[in-house]
Every structure is written in structure tokens, then in C-alpha cells.
>>> print(open('run_7.cif').read())   # mmCIF, C-alpha atoms and all ligand atoms; chains and numbers go by the auth columns
data_input
#
loop_
_atom_site.group_PDB
_atom_site.id
_atom_site.type_symbol
_atom_site.label_atom_id
_atom_site.label_comp_id
_atom_site.label_asym_id
_atom_site.label_seq_id
_atom_site.Cartn_x
_atom_site.Cartn_y
_atom_site.Cartn_z
_atom_site.B_iso_or_equiv
_atom_site.auth_seq_id
_atom_site.auth_asym_id
ATOM 1 C CA MET A 1 0.000 0.000 0.000 0.00 190 A
ATOM 2 C CA LYS A 2 2.813 2.378 0.974 0.00 191 A
ATOM 3 C CA LYS A 3 4.410 1.480 -2.334 0.00 192 A
ATOM 4 C CA TYR A 4 1.574 3.247 -4.195 0.00 193 A
ATOM 5 C CA VAL A 5 1.042 6.229 -1.868 0.00 194 A
ATOM 6 C CA LYS A 6 4.303 8.022 -2.676 0.00 195 A
ATOM 7 C CA PRO A 7 3.939 7.825 -6.503 0.00 196 A
ATOM 8 C CA PHE A 8 0.304 8.923 -6.157 0.00 197 A
ATOM 9 C CA LEU A 9 1.274 11.949 -4.028 0.00 198 A
ATOM 10 C CA VAL A 10 4.081 12.866 -6.437 0.00 199 A
ATOM 11 C CA ASN A 11 1.610 12.563 -9.303 0.00 200 A
ATOM 12 C CA VAL A 12 -0.932 14.839 -7.546 0.00 201 A
ATOM 13 C CA ILE A 13 1.747 17.425 -6.667 0.00 202 A
ATOM 14 C CA LEU A 14 3.196 17.497 -10.192 0.00 203 A
ATOM 15 C CA SER A 15 -0.266 17.637 -11.774 0.00 204 A
ATOM 16 C CA SER A 16 -1.227 20.517 -9.471 0.00 205 A
ATOM 17 C CA LEU A 17 2.003 22.298 -10.386 0.00 206 A
ATOM 18 C CA PHE A 18 1.327 21.871 -14.109 0.00 207 A
ATOM 19 C CA GLY A 19 -2.260 23.031 -13.575 0.00 208 A
ATOM 20 C CA LEU A 20 -1.106 26.125 -11.681 0.00 209 A
ATOM 21 C CA ILE A 21 1.495 26.986 -14.308 0.00 210 A
ATOM 22 C CA ASN A 22 -1.083 26.569 -17.070 0.00 211 A
ATOM 23 C CA SER A 23 -3.664 28.638 -15.168 0.00 212 A
ATOM 24 C CA LEU A 24 -1.117 31.479 -14.918 0.00 213 A
ATOM 25 C CA TYR A 25 -1.197 31.624 -18.725 0.00 214 A
ATOM 26 C CA GLN A 26 -5.024 31.754 -18.879 0.00 215 A
ATOM 27 C CA GLY A 27 -5.357 27.971 -19.097 0.00 216 A
ATOM 28 C CA ASN A 28 -7.851 25.670 -17.408 0.00 217 A
ATOM 29 C CA PHE A 29 -6.427 24.274 -14.132 0.00 218 A
ATOM 30 C CA LEU A 30 -8.734 21.246 -13.907 0.00 219 A
ATOM 31 C CA TYR A 31 -8.221 20.230 -17.543 0.00 220 A
ATOM 32 C CA THR A 32 -4.424 20.479 -17.259 0.00 221 A
ATOM 33 C CA PHE A 33 -4.483 18.689 -13.911 0.00 222 A
ATOM 34 C CA CYS A 34 -6.495 15.766 -15.321 0.00 223 A
ATOM 35 C CA ILE A 35 -4.427 15.406 -18.508 0.00 224 A
ATOM 36 C CA SER A 36 -1.149 15.633 -16.564 0.00 225 A
ATOM 37 C CA PHE A 37 -2.403 13.140 -13.968 0.00 226 A
ATOM 38 C CA LEU A 38 -3.445 10.675 -16.673 0.00 227 A
ATOM 39 C CA ILE A 39 -0.171 10.966 -18.599 0.00 228 A
ATOM 40 C CA GLN A 40 1.909 10.501 -15.442 0.00 229 A
ATOM 41 C CA PHE A 41 -0.224 7.548 -14.371 0.00 230 A
ATOM 42 C CA ILE A 42 0.284 5.843 -17.742 0.00 231 A
ATOM 43 C CA LEU A 43 4.035 6.548 -17.681 0.00 232 A
ATOM 44 C CA TYR A 44 4.269 5.208 -14.122 0.00 233 A
ATOM 45 C CA TYR A 45 2.368 2.071 -15.114 0.00 234 A
ATOM 46 C CA ILE A 46 4.632 1.494 -18.117 0.00 235 A
ATOM 47 C CA THR A 47 7.862 2.017 -16.187 0.00 236 A
ATOM 48 C CA SER A 48 6.819 0.053 -13.120 0.00 237 A
ATOM 49 C CA ASN A 49 5.289 -2.951 -14.857 0.00 238 A
ATOM 50 C CA VAL A 50 6.435 -3.289 -18.433 0.00 239 A
ATOM 51 C CA VAL A 51 10.004 -1.971 -18.264 0.00 240 A
ATOM 52 C CA LEU A 52 10.777 -3.614 -14.920 0.00 241 A
ATOM 53 C CA GLY A 53 9.250 -6.879 -16.164 0.00 242 A
ATOM 54 C CA ILE A 54 11.519 -6.814 -19.219 0.00 243 A
ATOM 55 C CA PHE A 55 14.514 -5.968 -17.005 0.00 244 A
ATOM 56 C CA ARG A 56 13.698 -8.862 -14.615 0.00 245 A
ATOM 57 C CA GLU A 57 13.370 -11.310 -17.514 0.00 246 A
ATOM 58 C CA LYS A 58 16.731 -10.235 -18.990 0.00 247 A
ATOM 59 C CA THR A 59 18.384 -10.547 -15.569 0.00 248 A
ATOM 60 C CA LYS A 60 16.928 -14.028 -15.168 0.00 249 A
ATOM 61 C CA GLN A 61 18.215 -15.056 -18.602 0.00 250 A
ATOM 62 C CA LEU A 62 21.689 -13.750 -17.718 0.00 251 A
ATOM 63 C CA GLU A 63 21.668 -15.717 -14.472 0.00 252 A
ATOM 64 C CA LEU A 64 20.657 -18.876 -16.313 0.00 253 A
ATOM 65 C CA SER A 65 23.347 -18.364 -18.931 0.00 254 A
ATOM 66 C CA LYS A 66 25.944 -18.076 -16.170 0.00 255 A
ATOM 67 C CA LEU A 67 25.106 -21.554 -14.908 0.00 256 A
ATOM 68 C CA GLU A 68 27.583 -24.075 -16.167 0.00 257 A
ATOM 69 C CA ASN A 69 26.524 -27.273 -17.781 0.00 258 A
ATOM 70 C CA LEU A 70 26.556 -30.155 -15.341 0.00 259 A
ATOM 71 C CA SER A 71 27.899 -33.463 -16.560 0.00 260 A
ATOM 72 C CA THR A 72 27.477 -36.655 -14.645 0.00 261 A
ATOM 73 C CA ILE A 73 27.174 -40.407 -15.065 0.00 262 A
ATOM 74 C CA LEU A 74 23.733 -41.681 -14.100 0.00 263 A
ATOM 75 C CA ASP A 75 22.310 -45.183 -13.907 0.00 264 A
ATOM 76 C CA CYS A 76 19.165 -45.839 -15.907 0.00 265 A
ATOM 77 C CA ALA A 77 16.116 -46.374 -13.675 0.00 266 A
ATOM 78 C CA TYR A 78 14.956 -49.272 -15.905 0.00 267 A
ATOM 79 C CA CYS A 79 18.052 -51.232 -16.936 0.00 268 A
ATOM 80 C CA SER A 80 20.758 -49.752 -14.646 0.00 269 A
ATOM 81 C CA GLN A 81 22.973 -49.001 -17.639 0.00 270 A
ATOM 82 C CA LYS A 82 25.338 -46.088 -17.044 0.00 271 A
ATOM 83 C CA ASN A 83 24.630 -42.972 -19.140 0.00 272 A
ATOM 84 C CA ILE A 84 26.668 -39.802 -19.484 0.00 273 A
ATOM 85 C CA MET A 85 24.380 -36.834 -19.153 0.00 274 A
ATOM 86 C CA THR A 86 24.986 -33.103 -19.600 0.00 275 A
ATOM 87 C CA PHE A 87 22.289 -30.695 -18.537 0.00 276 A
ATOM 88 C CA ILE A 88 21.675 -27.103 -17.488 0.00 277 A
ATOM 89 C CA PRO A 89 19.774 -26.741 -14.225 0.00 278 A
ATOM 90 C CA ASP A 90 16.574 -24.877 -15.043 0.00 279 A
ATOM 91 C CA GLN A 91 13.725 -24.318 -12.629 0.00 280 A
ATOM 92 C CA ASN A 92 11.124 -24.326 -15.385 0.00 281 A
ATOM 93 C CA GLU A 93 11.889 -27.671 -16.977 0.00 282 A
ATOM 94 C CA LYS A 94 12.156 -31.240 -15.810 0.00 283 A
ATOM 95 C CA THR A 95 15.607 -32.687 -16.176 0.00 284 A
ATOM 96 C CA GLN A 96 15.308 -35.851 -18.224 0.00 285 A
ATOM 97 C CA PHE A 97 17.442 -38.127 -20.359 0.00 286 A
ATOM 98 C CA ILE A 98 16.832 -41.082 -22.634 0.00 287 A
ATOM 99 C CA CYS A 99 18.807 -44.207 -21.847 0.00 288 A
ATOM 100 C CA GLU A 100 21.310 -45.179 -24.547 0.00 289 A
ATOM 101 C CA SER A 101 20.664 -48.861 -23.895 0.00 290 A
ATOM 102 C CA CYS A 102 16.878 -49.268 -23.514 0.00 291 A
ATOM 103 C CA ASN A 103 15.705 -45.901 -25.013 0.00 292 A
ATOM 104 C CA LYS A 104 13.398 -45.239 -22.070 0.00 293 A
ATOM 105 C CA GLU A 105 12.981 -41.761 -20.629 0.00 294 A
ATOM 106 C CA ASN A 106 14.402 -41.153 -17.156 0.00 295 A
ATOM 107 C CA THR A 107 13.678 -38.164 -14.919 0.00 296 A
ATOM 108 C CA VAL A 108 16.558 -36.767 -12.859 0.00 297 A
ATOM 109 C CA ILE A 109 15.853 -35.694 -9.292 0.00 298 A
ATOM 110 C CA ILE A 110 18.495 -33.436 -7.806 0.00 299 A
ATOM 111 C CA GLN A 111 19.089 -33.675 -4.062 0.00 300 A
ATOM 112 C CA PHE A 112 21.318 -31.398 -2.042 0.00 301 A
ATOM 113 C CA THR A 113 23.525 -32.638 0.781 0.00 302 A
ATOM 114 C CA VAL A 114 24.954 -30.449 3.504 0.00 303 A
ATOM 115 C CA ALA A 115 28.468 -31.013 4.851 0.00 304 A
ATOM 116 C CA ARG A 116 30.550 -29.314 7.468 0.00 305 A
ATOM 117 C CA THR A 117 33.158 -26.878 6.259 0.00 306 A
ATOM 118 C CA THR A 118 36.612 -28.067 7.226 0.00 307 A
ATOM 119 C CA GLU A 119 39.544 -25.868 8.046 0.00 308 A
ATOM 120 C CA THR A 120 43.216 -26.691 7.789 0.00 309 A
ATOM 121 C CA LEU A 121 45.098 -27.033 11.031 0.00 310 A
ATOM 122 C CA PRO A 122 48.230 -24.989 11.555 0.00 311 A
ATOM 123 C CA ILE A 123 50.821 -27.783 11.627 0.00 312 A
ATOM 124 C CA ASN A 124 54.508 -27.201 11.150 0.00 313 A
ATOM 125 C CA SER A 125 55.966 -28.885 8.083 0.00 314 A
ATOM 126 C CA LEU A 126 57.877 -32.097 8.668 0.00 315 A
ATOM 127 C CA LEU A 127 61.577 -32.273 8.001 0.00 316 A
ATOM 128 C CA VAL A 128 62.306 -35.342 5.849 0.00 317 A
ATOM 129 C CA ASN A 129 65.687 -34.315 4.746 0.00 318 A
ATOM 130 C CA GLU A 130 67.770 -31.435 5.856 0.00 319 A
ATOM 131 C CA ASN A 131 67.332 -29.711 2.508 0.00 320 A
ATOM 132 C CA LYS A 132 63.707 -30.640 1.705 0.00 321 A
ATOM 133 C CA THR A 133 60.500 -29.865 3.502 0.00 322 A
ATOM 134 C CA ILE A 134 57.072 -31.316 2.849 0.00 323 A
HETATM 135 ZN ZN ZN B . 17.968 -48.088 -19.668 0.00 401 B
#
>>> encode(input="run_7.cif", output="C-alpha cells")
Amino acid sequence: MKKYVKPFLVNVILSSLFGLINSLYQGNFLYTFCISFLIQFILYYITSNVVLGIFREKTKQLELSKLENLSTILDCAYCSQKNIMTFIPDQNEKTQFICESCNKENTVIIQFTVARTTETLPINSLLVNENKTI
């Protein structure tokens, strides 16, 4: 709601300003106010919905293009034959492959596993030889 109050107030203030300026030159305040309000409303609608929608879609496409292809060896769910598969993770499409052995379609389910982050311990290097260190 607050998102729409500020643009509405700015629109009313600017329309009033245009109406006042026009009325100083013998113009009609109400007519200028209404036309200015309508034009600003249309411009606001275009910039907030259409232009931002296009910008979001382009950003999403750039993010998807940055994803690297994933290659892995997967067992077929029907015949257990190993298949090499390369795919791009995409939230809009199912990830599927056709087995090279039995020609049946398999769906890939991606699961995430969490692991602890390990840190290296500060250990002094061992002396194997007097001249070499590991
Ligand atoms: Zn198969």
C-alpha cells in the first residue's frame, strides 16, 4: 500500500504544479491537472510494470546463462545401464534423459547434501631431509 502512496502523491503534486502553471497563462487548471495526472499515471504504469518486467526477464536469462553445464554419469532407472548426461539446471523444466541402452525416458531428481566446512590445522611442516621440507 505504501508502495503506491508516494507515486500517487508525487503525481498529484506534479499535476497541481502543471495546472497552476497553465492557469497562470489563462489555461484551465482542472483540464491540465487531469491530462497531466493521466499521462503521469500511464508513464508510471509502463515504467513500473512493463520496463521492470523486461529488465527482470533479462536478468533471469543472464543468471541462467551463467550456470555451467553439469555433466554426470547416471544409472538408468529401468536397466541400470550407465549414461553420461549433460544438462543445465533450469527451474522451469524437468531434467530428463533417454537411456542409450533401452531408449526409455528417465527423470533426474536433484538432491542437495549439507556437509561441514573443514579448516586446515596450523601444523609445522615435517623435516624429511635437511634440505627438503614437505
Ligand atoms: Zn535403460
>>> residues_near_ligand(input="run_7.cif", ligand="ligand ZN 401 (chain B)", cutoff="7 Å", atoms="all atoms listed in the file", output="short mmCIF file (atom, residue, chain, number, x, y, z; two decimals) with C-alpha atoms, in the coordinates of the input")
data_model
loop_
_atom_site.label_atom_id
_atom_site.label_comp_id
_atom_site.auth_asym_id
_atom_site.auth_seq_id
_atom_site.Cartn_x
_atom_site.Cartn_y
_atom_site.Cartn_z
CA CYS A 265 19.16 -45.84 -15.91
CA ALA A 266 16.12 -46.37 -13.68
CA TYR A 267 14.96 -49.27 -15.90
CA CYS A 268 18.05 -51.23 -16.94
CA SER A 269 20.76 -49.75 -14.65
CA GLN A 270 22.97 -49.00 -17.64
CA CYS A 288 18.81 -44.21 -21.85
CA GLU A 289 21.31 -45.18 -24.55
CA SER A 290 20.66 -48.86 -23.90
CA CYS A 291 16.88 -49.27 -23.51
CA ASN A 292 15.70 -45.90 -25.01
CA LYS A 293 13.40 -45.24 -22.07
#
>>> atom_distance(input="run_7.cif", atom1="atom CA of A:Phe207", atom2="atom CA of A:Leu219")
10.1 Å
>>> residues_around(input="run_7.cif", residues="stretch 236-243 of chain A", least_positions_apart="6", cutoff="12 Å", atoms="all atoms listed in the file", output="PDB file with C-alpha atoms, in the coordinates of the input")
ATOM      1  CA  LYS A 192       4.410   1.480  -2.334  1.00  0.00           C
ATOM      2  CA  TYR A 193       1.574   3.247  -4.195  1.00  0.00           C
ATOM      3  CA  PRO A 196       3.939   7.825  -6.503  1.00  0.00           C
ATOM      4  CA  GLN A 229       1.909  10.501 -15.442  1.00  0.00           C
ATOM      5  CA  PHE A 230      -0.224   7.548 -14.371  1.00  0.00           C
ATOM      6  CA  LYS A 249      16.928 -14.028 -15.168  1.00  0.00           C
ATOM      7  CA  GLN A 250      18.215 -15.056 -18.602  1.00  0.00           C
TER       8      GLN A 250
END
>>> atom_distance(input="run_7.cif", atom1="atom CA of A:Asn217", atom2="atom CA of A:Ile235")
27.2 Å
>>> resolve_selection(input="run_7.cif", expression="the PyMOL selection byres (((chain A and resi 197-206) around 12) and not hetatm)", output="count of residues only")
32
